[in-house]
Amino acid sequence: MIPPVVAGVDGSAESLAAVRWAAAQARPRGSGLVVFRAERFADPDLMPHGKPPAGTDLVLEPGYRLLRQAADEARRAVPEVRVRMCLRLGAAAGLLAAQSAEAGLLVLGSPRAAGVRGAVTGSVALSVAASARCPVAVVRGCADPEGPVVVGVDDSGGSERALAFAFETADVHRAVVEAVHVRHDDDRESGVGEQVEAWSRKYPAVPVRVRAVRARSAGRALAGISPGARLVVVGSRGRGPVAGGLLGSTGNGLLAHASCPVVVAR
């Protein structure tokens, strides 16, 4: 069974944009879409032993209403997609990270939309991107539907995961992969050409181009390329509680400044 795409829902316009984008990723992959919401009671006494008391359906109804709205939005955007709703009680970051164990892709709204109750934004998106067990997409800006799948490459293991996701996505969407190696002035030659070529042999139908860019910051360089991209894919350094360190400056910079959806591959 193909793991589903899971989209976090908070009722904001940004999360609905993420749901539409997630539906467009689920259909060509042949997977279902799960629209997911985390609800948290303000008063911990209302949830003894982590379970809601009887008669809380009215309290949870607004959350279910948001999920129904999100499911309808997904079906309008991609009528063929299979949609399932899921509501869980607790903190969004931890619950989304737990969902990632059974997901093929986790999709969140833009971190620029802060201040909305229950929003899957800001520090939540950063935390989930650092601790999830599957690739995490943060939907922001405008994707160019005719643009390439841009992937940042270097000699790391994270780069291998990024290339795997980029080639798979380009294959199902019939897109071009643009592999970008950002070099500093004192960098030595790397083996990224051979790395990209190996993935190209696995996906011979995917057109590929490789770019070498000299810049001090890989994140800023990739953000500068992002306006003409379908999405930008980068790898992560690992998984754990220190989000900023694990994503690194490249991932952090892209999540803050990219003009199109960003995927942190895991």
# chains A, B, ... in the order shown; residues from 1 in each chain; ligands from 1
>>> residues_around(residues="Ala205 of chain A", least_positions_apart="3", cutoff="12 Å", atoms="only C-alpha atoms", output="PyMOL selection string")
chain A and resi 167-168+170-177+199-202+208
>>> write_last_selection(atoms="C-alpha atoms", output="compact mmCIF listing (two decimals), in the first residue's frame")
# COMPACT_ATOMS: atom_id res chain seq x y z
CA PHE A 167 13.73 12.56 -9.22
CA GLU A 168 10.64 10.70 -8.02
CA ALA A 170 9.90 14.98 -11.48
CA ASP A 171 9.11 11.52 -12.83
CA VAL A 172 5.45 11.54 -11.73
CA HIS A 173 4.93 15.16 -12.84
CA ARG A 174 6.98 14.87 -16.07
CA ALA A 175 9.18 17.73 -14.98
CA VAL A 176 12.85 18.65 -15.30
CA VAL A 177 15.29 18.18 -12.43
CA TRP A 199 20.06 9.07 -10.14
CA SER A 200 19.61 10.01 -13.78
CA ARG A 201 20.35 6.40 -14.74
CA LYS A 202 17.56 5.27 -12.37
CA VAL A 208 18.33 16.79 -15.97
>>> select_by_dssp(residues="segment 129-182 of chain A", states="strand (DSSP E)", output="PyMOL selection string")
chain A and resi 136-138+149-152+177-182
>>> select_by_dssp(residues="segment 90-204 of chain A", states="helix (DSSP H, G or I)", output="VMD selection string")
chain A and resid 92 to 102 123 to 131 157 to 173 192 to 202
>>> residues_around(residues="segment 88-93 of chain A", least_positions_apart="6", cutoff="7 Å", atoms="only C-alpha atoms", output="MDAnalysis selection string")
chainID A and resid 37:40 120 124 127:128
>>> closest_residue(among="A:Arg133, A:Arg27, A:Arg20, A:Arg220", to="Ala101 of chain A", atoms="only C-alpha atoms")
A:Arg133
>>> closest_residue(among="A:Arg209, A:Arg161, A:His184, A:Arg230", to="Ala265 of chain A", atoms="only C-alpha atoms")
A:Arg161
>>> closest_atom_pairs(of="segment 7-42 of chain A", to="segment 65-87 of chain A", cutoff="8 Å", atoms="only C-alpha atoms", output="CSV")
residue,atom,partner,partner_atom,distance
A:Val9,CA,A:Leu67,CA,6.9
A:Asp10,CA,A:Leu66,CA,7.3
A:Gly11,CA,A:Leu66,CA,5.8
A:Leu16,CA,A:Ala70,CA,6.3
A:Val19,CA,A:Ala74,CA,6.0
A:Arg20,CA,A:Ala74,CA,5.2
A:Ala23,CA,A:Ala74,CA,5.7
A:Ala24,CA,A:Val78,CA,6.4
A:Ala26,CA,A:Val81,CA,7.0
A:Arg27,CA,A:Val81,CA,5.4
A:Ser31,CA,A:Arg82,CA,7.8
A:Gly32,CA,A:Arg82,CA,4.9
A:Leu33,CA,A:Val83,CA,4.8
A:Val34,CA,A:Arg84,CA,4.8
A:Val35,CA,A:Met85,CA,5.0
A:Phe36,CA,A:Cys86,CA,4.8
A:Arg37,CA,A:Leu87,CA,4.9
A:Ala38,CA,A:Leu87,CA,5.9
A:Glu39,CA,A:Leu87,CA,7.2
>>> atom_distance(atom1="atom CA of His181 of chain A", atom2="atom CA of Ser236 of chain A")
15.5 Å
